[in-house]
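Visitor: What follows is protein09.pdb, made up of PDB, C-alpha atoms and all ligand atoms:
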```pdb
ATOM      1  CA  MET A 291    -134.147 -44.195  11.480  1.00  0.00           C
ATOM      2  CA  LYS A 292    -135.408 -41.508   9.106  1.00  0.00           C
ATOM      3  CA  ILE A 293    -133.537 -38.239   9.625  1.00  0.00           C
ATOM      4  CA  ALA A 294    -134.558 -34.925   8.035  1.00  0.00           C
ATOM      5  CA  ILE A 295    -132.447 -31.814   7.862  1.00  0.00           C
ATOM      6  CA  CYS A 296    -134.164 -28.423   7.777  1.00  0.00           C
ATOM      7  CA  PRO A 297    -131.369 -26.062   6.693  1.00  0.00           C
ATOM      8  CA  GLY A 298    -131.469 -22.295   6.501  1.00  0.00           C
ATOM      9  CA  SER A 299    -130.083 -18.965   7.593  1.00  0.00           C
ATOM     10  CA  PHE A 300    -132.874 -18.456  10.150  1.00  0.00           C
ATOM     11  CA  ASP A 301    -131.991 -14.765  10.498  1.00  0.00           C
ATOM     12  CA  PRO A 302    -134.233 -14.874  12.537  1.00  0.00           C
ATOM     13  CA  ILE A 303    -136.566 -17.875  12.685  1.00  0.00           C
ATOM     14  CA  THR A 304    -140.177 -16.919  11.807  1.00  0.00           C
ATOM     15  CA  PHE A 305    -143.597 -18.540  12.199  1.00  0.00           C
ATOM     16  CA  GLY A 306    -143.173 -19.674   8.587  1.00  0.00           C
ATOM     17  CA  HIS A 307    -139.983 -21.619   9.390  1.00  0.00           C
ATOM     18  CA  LEU A 308    -141.539 -23.007  12.537  1.00  0.00           C
ATOM     19  CA  ASP A 309    -144.555 -24.276  10.636  1.00  0.00           C
ATOM     20  CA  ILE A 310    -142.330 -26.205   8.200  1.00  0.00           C
ATOM     21  CA  ILE A 311    -140.144 -27.547  11.050  1.00  0.00           C
ATOM     22  CA  ARG A 312    -143.131 -28.744  13.110  1.00  0.00           C
ATOM     23  CA  ARG A 313    -144.743 -30.472  10.147  1.00  0.00           C
ATOM     24  CA  THR A 314    -141.414 -32.116   9.245  1.00  0.00           C
ATOM     25  CA  ALA A 315    -141.002 -33.372  12.826  1.00  0.00           C
ATOM     26  CA  LYS A 316    -144.297 -35.246  12.443  1.00  0.00           C
ATOM     27  CA  LEU A 317    -143.066 -37.008   9.306  1.00  0.00           C
ATOM     28  CA  PHE A 318    -139.564 -38.081  10.379  1.00  0.00           C
ATOM     29  CA  ASP A 319    -138.025 -39.870  13.381  1.00  0.00           C
ATOM     30  CA  GLN A 320    -135.470 -37.115  13.881  1.00  0.00           C
ATOM     31  CA  VAL A 321    -135.186 -33.538  12.623  1.00  0.00           C
ATOM     32  CA  ILE A 322    -131.991 -31.525  12.613  1.00  0.00           C
ATOM     33  CA  VAL A 323    -132.534 -27.787  12.200  1.00  0.00           C
ATOM     34  CA  LEU A 324    -129.274 -26.679  10.636  1.00  0.00           C
ATOM     35  CA  VAL A 325    -128.129 -23.077  10.872  1.00  0.00           C
ATOM     36  CA  SER A 326    -125.978 -22.861   7.803  1.00  0.00           C
ATOM     37  CA  THR A 327    -124.201 -20.236   5.724  1.00  0.00           C
ATOM     38  CA  ASN A 328    -125.802 -18.600   2.710  1.00  0.00           C
ATOM     39  CA  GLN A 329    -122.907 -16.925   0.929  1.00  0.00           C
ATOM     40  CA  LYS A 330    -125.326 -14.439  -0.665  1.00  0.00           C
ATOM     41  CA  LYS A 331    -126.471 -13.054   2.706  1.00  0.00           C
ATOM     42  CA  SER A 332    -124.841 -11.152   5.590  1.00  0.00           C
ATOM     43  CA  PRO A 333    -126.728 -12.197   8.700  1.00  0.00           C
ATOM     44  CA  CYS A 334    -127.989  -9.615  11.151  1.00  0.00           C
ATOM     45  CA  PHE A 335    -128.005 -11.989  14.130  1.00  0.00           C
ATOM     46  CA  THR A 336    -124.941 -13.990  15.194  1.00  0.00           C
ATOM     47  CA  ARG A 337    -124.973 -17.693  14.643  1.00  0.00           C
ATOM     48  CA  GLU A 338    -125.173 -18.255  18.411  1.00  0.00           C
ATOM     49  CA  GLU A 339    -128.207 -15.953  18.641  1.00  0.00           C
ATOM     50  CA  ARG A 340    -129.965 -17.704  15.768  1.00  0.00           C
ATOM     51  CA  VAL A 341    -129.342 -21.116  17.317  1.00  0.00           C
ATOM     52  CA  GLU A 342    -130.541 -19.929  20.714  1.00  0.00           C
ATOM     53  CA  PHE A 343    -133.730 -18.430  19.218  1.00  0.00           C
ATOM     54  CA  ILE A 344    -134.498 -21.722  17.463  1.00  0.00           C
ATOM     55  CA  ARG A 345    -133.860 -23.726  20.653  1.00  0.00           C
ATOM     56  CA  ARG A 346    -136.131 -21.399  22.615  1.00  0.00           C
ATOM     57  CA  VAL A 347    -139.103 -21.855  20.272  1.00  0.00           C
ATOM     58  CA  THR A 348    -138.691 -25.573  19.546  1.00  0.00           C
ATOM     59  CA  GLY A 349    -138.072 -26.890  23.073  1.00  0.00           C
ATOM     60  CA  ASP A 350    -141.380 -28.769  23.022  1.00  0.00           C
ATOM     61  CA  ILE A 351    -140.450 -30.863  19.953  1.00  0.00           C
ATOM     62  CA  PRO A 352    -138.831 -34.025  21.369  1.00  0.00           C
ATOM     63  CA  ASN A 353    -137.323 -35.388  18.151  1.00  0.00           C
ATOM     64  CA  LEU A 354    -135.545 -32.162  17.189  1.00  0.00           C
ATOM     65  CA  THR A 355    -131.969 -30.975  17.553  1.00  0.00           C
ATOM     66  CA  VAL A 356    -130.312 -27.749  16.410  1.00  0.00           C
ATOM     67  CA  ASP A 357    -126.858 -27.704  14.846  1.00  0.00           C
ATOM     68  CA  THR A 358    -124.584 -25.419  12.849  1.00  0.00           C
ATOM     69  CA  ASP A 359    -122.294 -26.033   9.913  1.00  0.00           C
ATOM     70  CA  ASP A 360    -120.112 -23.889   7.653  1.00  0.00           C
ATOM     71  CA  GLY A 361    -119.509 -26.403   4.903  1.00  0.00           C
ATOM     72  CA  LEU A 362    -121.502 -27.950   2.094  1.00  0.00           C
ATOM     73  CA  LEU A 363    -125.002 -29.039   3.016  1.00  0.00           C
ATOM     74  CA  ALA A 364    -124.534 -32.220   0.962  1.00  0.00           C
ATOM     75  CA  ASP A 365    -121.478 -33.203   3.034  1.00  0.00           C
ATOM     76  CA  TYR A 366    -123.301 -32.484   6.284  1.00  0.00           C
ATOM     77  CA  ALA A 367    -126.323 -34.533   5.177  1.00  0.00           C
ATOM     78  CA  ARG A 368    -124.104 -37.470   4.267  1.00  0.00           C
ATOM     79  CA  SER A 369    -122.198 -37.277   7.567  1.00  0.00           C
ATOM     80  CA  LYS A 370    -125.494 -37.526   9.483  1.00  0.00           C
ATOM     81  CA  GLY A 371    -126.902 -40.358   7.361  1.00  0.00           C
ATOM     82  CA  ALA A 372    -129.866 -38.129   6.536  1.00  0.00           C
ATOM     83  CA  THR A 373    -132.808 -39.394   4.526  1.00  0.00           C
ATOM     84  CA  ALA A 374    -133.933 -35.977   3.334  1.00  0.00           C
ATOM     85  CA  ILE A 375    -133.240 -32.270   3.174  1.00  0.00           C
ATOM     86  CA  VAL A 376    -136.556 -30.495   3.740  1.00  0.00           C
ATOM     87  CA  LYS A 377    -137.152 -27.003   2.375  1.00  0.00           C
ATOM     88  CA  GLY A 378    -140.228 -24.818   2.603  1.00  0.00           C
ATOM     89  CA  LEU A 379    -141.664 -23.356  -0.593  1.00  0.00           C
ATOM     90  CA  ARG A 380    -143.747 -20.196  -0.458  1.00  0.00           C
ATOM     91  CA  ALA A 381    -144.345 -19.250  -4.060  1.00  0.00           C
ATOM     92  CA  MET A 382    -143.141 -19.948  -7.564  1.00  0.00           C
ATOM     93  CA  SER A 383    -140.546 -17.218  -6.999  1.00  0.00           C
ATOM     94  CA  ASP A 384    -138.791 -19.532  -4.511  1.00  0.00           C
ATOM     95  CA  PHE A 385    -138.849 -22.425  -6.901  1.00  0.00           C
ATOM     96  CA  GLU A 386    -136.057 -21.693  -9.365  1.00  0.00           C
ATOM     97  CA  TYR A 387    -133.447 -21.098  -6.667  1.00  0.00           C
ATOM     98  CA  GLU A 388    -134.586 -24.028  -4.541  1.00  0.00           C
ATOM     99  CA  PHE A 389    -134.744 -26.357  -7.535  1.00  0.00           C
ATOM    100  CA  GLN A 390    -131.186 -25.442  -8.507  1.00  0.00           C
ATOM    101  CA  MET A 391    -129.981 -26.150  -4.960  1.00  0.00           C
ATOM    102  CA  ALA A 392    -131.880 -29.433  -4.841  1.00  0.00           C
ATOM    103  CA  LEU A 393    -130.339 -30.610  -8.126  1.00  0.00           C
ATOM    104  CA  THR A 394    -126.858 -29.553  -6.992  1.00  0.00           C
ATOM    105  CA  ASN A 395    -127.245 -31.353  -3.671  1.00  0.00           C
ATOM    106  CA  LYS A 396    -128.533 -34.449  -5.467  1.00  0.00           C
ATOM    107  CA  LYS A 397    -125.435 -34.418  -7.674  1.00  0.00           C
ATOM    108  CA  LEU A 398    -123.128 -34.027  -4.679  1.00  0.00           C
ATOM    109  CA  CYS A 399    -124.980 -36.498  -2.457  1.00  0.00           C
ATOM    110  CA  PRO A 400    -127.262 -38.803  -4.513  1.00  0.00           C
ATOM    111  CA  GLU A 401    -128.442 -40.791  -1.489  1.00  0.00           C
ATOM    112  CA  VAL A 402    -130.226 -37.796   0.071  1.00  0.00           C
ATOM    113  CA  GLU A 403    -133.529 -36.548  -1.348  1.00  0.00           C
ATOM    114  CA  THR A 404    -134.659 -32.924  -1.196  1.00  0.00           C
ATOM    115  CA  ILE A 405    -138.318 -32.679  -0.237  1.00  0.00           C
ATOM    116  CA  PHE A 406    -140.307 -29.462  -0.639  1.00  0.00           C
ATOM    117  CA  VAL A 407    -143.043 -28.711   1.865  1.00  0.00           C
ATOM    118  CA  ASN A 408    -145.480 -26.035   0.803  1.00  0.00           C
ATOM    119  CA  THR A 409    -145.975 -23.175   3.207  1.00  0.00           C
ATOM    120  CA  THR A 410    -149.229 -22.793   5.072  1.00  0.00           C
ATOM    121  CA  ALA A 411    -151.216 -20.117   3.205  1.00  0.00           C
ATOM    122  CA  GLU A 412    -151.207 -17.635   6.085  1.00  0.00           C
ATOM    123  CA  TYR A 413    -147.379 -17.487   5.992  1.00  0.00           C
ATOM    124  CA  MET A 414    -146.936 -17.115   2.240  1.00  0.00           C
ATOM    125  CA  TYR A 415    -145.778 -13.516   2.528  1.00  0.00           C
ATOM    126  CA  LEU A 416    -143.469 -14.093   5.468  1.00  0.00           C
ATOM    127  CA  SER A 417    -139.657 -14.108   5.396  1.00  0.00           C
ATOM    128  CA  SER A 418    -136.823 -13.176   7.740  1.00  0.00           C
ATOM    129  CA  SER A 419    -136.158 -10.144   5.505  1.00  0.00           C
ATOM    130  CA  VAL A 420    -139.743  -8.946   5.980  1.00  0.00           C
ATOM    131  CA  VAL A 421    -139.358  -9.326   9.754  1.00  0.00           C
ATOM    132  CA  LYS A 422    -136.134  -7.289   9.792  1.00  0.00           C
ATOM    133  CA  GLN A 423    -137.466  -4.591   7.509  1.00  0.00           C
ATOM    134  CA  VAL A 424    -140.796  -4.111   9.297  1.00  0.00           C
ATOM    135  CA  CYS A 425    -139.221  -4.219  12.765  1.00  0.00           C
ATOM    136  CA  SER A 426    -136.387  -1.824  11.979  1.00  0.00           C
ATOM    137  CA  LEU A 427    -138.963   0.692  10.742  1.00  0.00           C
ATOM    138  CA  GLY A 428    -141.015   0.403  13.930  1.00  0.00           C
ATOM    139  CA  GLY A 429    -143.726  -1.951  12.673  1.00  0.00           C
ATOM    140  CA  ASP A 430    -145.446  -4.678  14.673  1.00  0.00           C
ATOM    141  CA  ILE A 431    -143.841  -8.098  14.113  1.00  0.00           C
ATOM    142  CA  SER A 432    -145.795 -10.002  16.762  1.00  0.00           C
ATOM    143  CA  GLU A 433    -147.617 -11.973  14.046  1.00  0.00           C
ATOM    144  CA  PHE A 434    -144.323 -12.855  12.363  1.00  0.00           C
ATOM    145  CA  VAL A 435    -142.168 -14.337  15.146  1.00  0.00           C
ATOM    146  CA  PRO A 436    -142.941 -16.273  18.348  1.00  0.00           C
ATOM    147  CA  ALA A 437    -143.488 -14.273  21.534  1.00  0.00           C
ATOM    148  CA  GLU A 438    -140.516 -15.974  23.264  1.00  0.00           C
ATOM    149  CA  ILE A 439    -138.021 -14.268  20.944  1.00  0.00           C
ATOM    150  CA  LEU A 440    -139.955 -11.094  20.103  1.00  0.00           C
ATOM    151  CA  PRO A 441    -138.335  -8.759  22.704  1.00  0.00           C
ATOM    152  CA  ASP A 442    -134.807  -9.845  21.734  1.00  0.00           C
ATOM    153  CA  ILE A 443    -135.467  -9.245  18.064  1.00  0.00           C
ATOM    154  CA  ILE A 444    -137.029  -5.845  18.675  1.00  0.00           C
ATOM    155  CA  ASN A 445    -134.157  -4.785  20.964  1.00  0.00           C
ATOM    156  CA  ARG A 446    -131.522  -5.839  18.503  1.00  0.00           C
ATOM    157  CA  LEU A 447    -133.120  -4.284  15.444  1.00  0.00           C
ATOM    158  CA  LYS A 448    -133.731  -1.032  17.290  1.00  0.00           C
ATOM    159  CA  GLN A 449    -130.025  -0.929  18.188  1.00  0.00           C
ATOM    160  CA  THR A 450    -129.034  -1.109  14.535  1.00  0.00           C
ATOM    161  CA  ASN A 451    -131.037   2.046  13.698  1.00  0.00           C
TER     162      ASN A 451
HETATM  163  O1  LIG A 501    -132.524 -19.621   4.514  1.00  0.00           O
HETATM  164  P1  LIG A 501    -131.676 -19.619   3.270  1.00  0.00           P
HETATM  165  O2  LIG A 501    -130.697 -18.445   3.290  1.00  0.00           O
HETATM  166  O3  LIG A 501    -132.478 -19.677   2.004  1.00  0.00           O
HETATM  167  O4  LIG A 501    -130.817 -20.967   3.332  1.00  0.00           O
HETATM  168  C1  LIG A 501    -129.919 -21.288   2.297  1.00  0.00           C
HETATM  169  C2  LIG A 501    -128.940 -22.369   2.763  1.00  0.00           C
HETATM  170  C3  LIG A 501    -128.155 -21.877   3.985  1.00  0.00           C
HETATM  171  C4  LIG A 501    -129.701 -23.626   3.121  1.00  0.00           C
HETATM  172  C5  LIG A 501    -127.983 -22.657   1.560  1.00  0.00           C
HETATM  173  O5  LIG A 501    -127.307 -21.483   1.198  1.00  0.00           O
HETATM  174  C6  LIG A 501    -126.994 -23.775   1.881  1.00  0.00           C
HETATM  175  O6  LIG A 501    -127.319 -24.933   1.736  1.00  0.00           O
HETATM  176  N1  LIG A 501    -125.777 -23.384   2.333  1.00  0.00           N
HETATM  177  C7  LIG A 501    -124.738 -24.356   2.693  1.00  0.00           C
HETATM  178  C8  LIG A 501    -123.599 -24.322   1.688  1.00  0.00           C
HETATM  179  C9  LIG A 501    -123.966 -25.135   0.458  1.00  0.00           C
HETATM  180  O7  LIG A 501    -124.143 -26.328   0.499  1.00  0.00           O
HETATM  181  N2  LIG A 501    -124.081 -24.416  -0.683  1.00  0.00           N
HETATM  182  C10 LIG A 501    -124.450 -25.009  -1.931  1.00  0.00           C
HETATM  183  C11 LIG A 501    -125.932 -25.098  -2.098  1.00  0.00           C
HETATM  184  S1  LIG A 501    -126.331 -25.717  -3.680  1.00  0.00           S
END
```
Rewrite the structure from the file as structure tokens, please.
Guide:
Amino acid sequence: MKIAICPGSFDPITFGHLDIIRRTAKLFDQVIVLVSTNQKKSPCFTREERVEFIRRVTGDIPNLTVDTDDGLLADYARSKGATAIVKGLRAMSDFEYEFQMALTNKKLCPEVETIFVNTTAEYMYLSSSVVKQVCSLGGDISEFVPAEILPDIINRLKQTN
């Protein structure tokens, strides 16, 4: 069984993430979307909220589960017997950081490959940070996040202003 892990902060999940997750689900038997900790970021949404948002917008993908983990991604991947860690790449600016993580994970867990999936062109500009910034300043984010989670994101980001 080929298992892929799609890790990230997902703060919150965007159409860009969803595009990578859906395409990965077509390539592997099982996909685990892993809400993990990026020590460089302070999330706006709780881990429970981020997991619930992902579950809400991926319910139609039969071979997908959502999980959380606070430890090393390499250890998690090994514990699940994963074939691959799948990361989305938007632009060359993503590459240096992602390449460093991929090489580190390969060192820590040689049996798991990191695979980069290029973003669909229409989502090249999109990130969770863009969503939070535009929304908190009153902009329209309906083209950035799925309709099922849109009201919750708007309500939360309004509260923080
Ligand atoms: O969506 P993000 O913030 O770019 O995701 C980054 C994430 C969470 C995948 C990365 O920080 C990660 O793998 N964290 C788990 C801890 C870990 O293994 N750190 C070492 C990475 S080389």
Visitor: Quick one: contact table of chain A to ligand LIG 501 (chain A), 9 Å max, nearest atom pair and distance in Å to one decimal per residue, counting all atoms listed in the file, chain and number order, as a Markdown table?
Guide:
```
| residue | atom | partner | partner_atom | distance |
| --- | --- | --- | --- | --- |
| A:Cys296 | CA | A:LIG501 | C4 | 8.0 |
| A:Pro297 | CA | A:LIG501 | C4 | 4.6 |
| A:Gly298 | CA | A:LIG501 | O1 | 3.5 |
| A:Ser299 | CA | A:LIG501 | O1 | 4.0 |
| A:Phe300 | CA | A:LIG501 | O1 | 5.8 |
| A:Asp301 | CA | A:LIG501 | O1 | 7.7 |
| A:Leu324 | CA | A:LIG501 | C4 | 8.1 |
| A:Val325 | CA | A:LIG501 | C3 | 7.0 |
| A:Ser326 | CA | A:LIG501 | C3 | 4.5 |
| A:Thr327 | CA | A:LIG501 | C3 | 4.6 |
| A:Asn328 | CA | A:LIG501 | O5 | 3.6 |
| A:Gln329 | CA | A:LIG501 | O5 | 6.3 |
| A:Lys330 | CA | A:LIG501 | O5 | 7.6 |
| A:Lys331 | CA | A:LIG501 | O2 | 6.9 |
| A:Asp359 | CA | A:LIG501 | C7 | 7.8 |
| A:Asp360 | CA | A:LIG501 | C7 | 6.8 |
| A:Gly361 | CA | A:LIG501 | C8 | 5.6 |
| A:Leu362 | CA | A:LIG501 | O7 | 3.5 |
| A:Leu363 | CA | A:LIG501 | O7 | 3.8 |
| A:Ala364 | CA | A:LIG501 | O7 | 5.9 |
| A:Asp365 | CA | A:LIG501 | O7 | 7.8 |
| A:Tyr366 | CA | A:LIG501 | O7 | 8.5 |
| A:Lys377 | CA | A:LIG501 | C4 | 8.2 |
| A:Tyr387 | CA | A:LIG501 | O3 | 8.8 |
| A:Glu388 | CA | A:LIG501 | O3 | 8.1 |
| A:Gln390 | CA | A:LIG501 | S1 | 6.9 |
| A:Met391 | CA | A:LIG501 | S1 | 3.9 |
| A:Ala392 | CA | A:LIG501 | S1 | 6.8 |
| A:Leu393 | CA | A:LIG501 | S1 | 7.7 |
| A:Thr394 | CA | A:LIG501 | S1 | 5.1 |
| A:Asn395 | CA | A:LIG501 | S1 | 5.7 |
| A:Leu398 | CA | A:LIG501 | S1 | 9.0 |
| A:Ser418 | CA | A:LIG501 | O1 | 8.4 |
```
Visitor: Could you list, with a cut-off of 12 Å and counting only C-alpha atoms, the residues of stretch 304-414 of chain A near stretch 420-424 of chain A, each shown with its nearest atom pair and the distance in Å rounded to one decimal, rows sorted by chain and ascending number, as a Markdown table?
Guide:
```
| residue | atom | partner | partner_atom | distance |
| --- | --- | --- | --- | --- |
| A:Thr304 | CA | A:Val421 | CA | 7.9 |
| A:Phe305 | CA | A:Val421 | CA | 10.4 |
| A:Gly306 | CA | A:Val421 | CA | 11.1 |
| A:Pro333 | CA | A:Lys422 | CA | 10.7 |
| A:Cys334 | CA | A:Lys422 | CA | 8.6 |
| A:Phe335 | CA | A:Lys422 | CA | 10.3 |
| A:Tyr413 | CA | A:Val420 | CA | 11.5 |
| A:Met414 | CA | A:Val420 | CA | 11.5 |
```
Visitor: Would you give the centre and edge lengths, in Å to one decimal, of a box along x, y and z around the listed atoms of stretch 353-370 of chain A, with 3 Å added to each side, as AutoDock Vina command-line options?
Guide:
```
--center_x -128.4 --center_y -30.7 --center_z 9.6 --size_x 23.8 --size_y 19.6 --size_z 23.2
```
Visitor: For each of A:Leu379, A:Ala367, A:Ala437, A:Ala315, take the minimum atom-to-atom distance to A:Pro352, counting only C-alpha atoms, then give the residue where this is smallest.
Guide: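 Once distances to A:Pro352 are computed over only C-alpha atoms, the minimum belongs to A:Ala315.
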Visitor: Any chance you could work out the residue set of the PyMOL selection byres (((chain A and resi 308) around 12) and not hetatm) here, as a CSV table (one decimal) with C-alpha atoms, in the coordinates of the input?
Guide:
```csv
chain,number,residue,atom,x,y,z
A,296,CYS,CA,-134.2,-28.4,7.8
A,298,GLY,CA,-131.5,-22.3,6.5
A,300,PHE,CA,-132.9,-18.5,10.2
A,302,PRO,CA,-134.2,-14.9,12.5
A,303,ILE,CA,-136.6,-17.9,12.7
A,304,THR,CA,-140.2,-16.9,11.8
A,305,PHE,CA,-143.6,-18.5,12.2
A,306,GLY,CA,-143.2,-19.7,8.6
A,307,HIS,CA,-140.0,-21.6,9.4
A,309,ASP,CA,-144.6,-24.3,10.6
A,310,ILE,CA,-142.3,-26.2,8.2
A,311,ILE,CA,-140.1,-27.5,11.0
A,312,ARG,CA,-143.1,-28.7,13.1
A,313,ARG,CA,-144.7,-30.5,10.1
A,314,THR,CA,-141.4,-32.1,9.2
A,315,ALA,CA,-141.0,-33.4,12.8
A,323,VAL,CA,-132.5,-27.8,12.2
A,343,PHE,CA,-133.7,-18.4,19.2
A,344,ILE,CA,-134.5,-21.7,17.5
A,345,ARG,CA,-133.9,-23.7,20.7
A,346,ARG,CA,-136.1,-21.4,22.6
A,347,VAL,CA,-139.1,-21.9,20.3
A,348,THR,CA,-138.7,-25.6,19.5
A,349,GLY,CA,-138.1,-26.9,23.1
A,350,ASP,CA,-141.4,-28.8,23.0
A,351,ILE,CA,-140.4,-30.9,20.0
A,354,LEU,CA,-135.5,-32.2,17.2
A,377,LYS,CA,-137.2,-27.0,2.4
A,378,GLY,CA,-140.2,-24.8,2.6
A,409,THR,CA,-146.0,-23.2,3.2
A,410,THR,CA,-149.2,-22.8,5.1
A,413,TYR,CA,-147.4,-17.5,6.0
A,416,LEU,CA,-143.5,-14.1,5.5
A,417,SER,CA,-139.7,-14.1,5.4
A,418,SER,CA,-136.8,-13.2,7.7
A,434,PHE,CA,-144.3,-12.9,12.4
A,435,VAL,CA,-142.2,-14.3,15.1
A,436,PRO,CA,-142.9,-16.3,18.3
```
Visitor: Counting all atoms listed in the file, which of A:Asp357, A:Asp384, A:Asp442, A:Glu403 gets nearest to A:Tyr415?
Guide: A:Asp384
Visitor: Enter the distance from atom CA of A:Thr358 to atom CA of A:Ser432, in Å, rounded to one decimal.
Guide: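 Atom CA of A:Ser432 lies 26.5 Å from atom CA of A:Thr358.
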Visitor: By how many Å are atom CA of A:Ser383 and atom CA of A:Glu412 apart?
Guide: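 Separating atom CA of A:Ser383 from atom CA of A:Glu412 is a distance of 16.9 Å.
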Visitor: Grab the atom CA of A:Ser369 to atom CA of A:Lys397 distance for me, in Å with one decimal place.
Guide: 15.8 Å
Visitor: Which residue out of A:Thr404, A:Ser419, A:Ala381, A:Ser332 has the minimum interatomic distance to A:Ile431 when all atoms listed in the file are used?
Guide: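 Of the candidates, the smallest distance to A:Ile431 is held by A:Ser419.
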Visitor: Pick from A:Val341, A:Ala411, A:Gly428, A:Ile405: nearest to A:Phe389, with all atoms listed in the file counted?
Guide: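 Checking each candidate against A:Phe389, we get A:Ile405 as the closest.
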Visitor: Just want the 8 Å neighbourhood of A:Glu401, counted on only C-alpha atoms, with same-chain residues fewer than 5 positions away dropped. Output as a PyMOL selection string.
Guide: chain A and resi 368+373+396
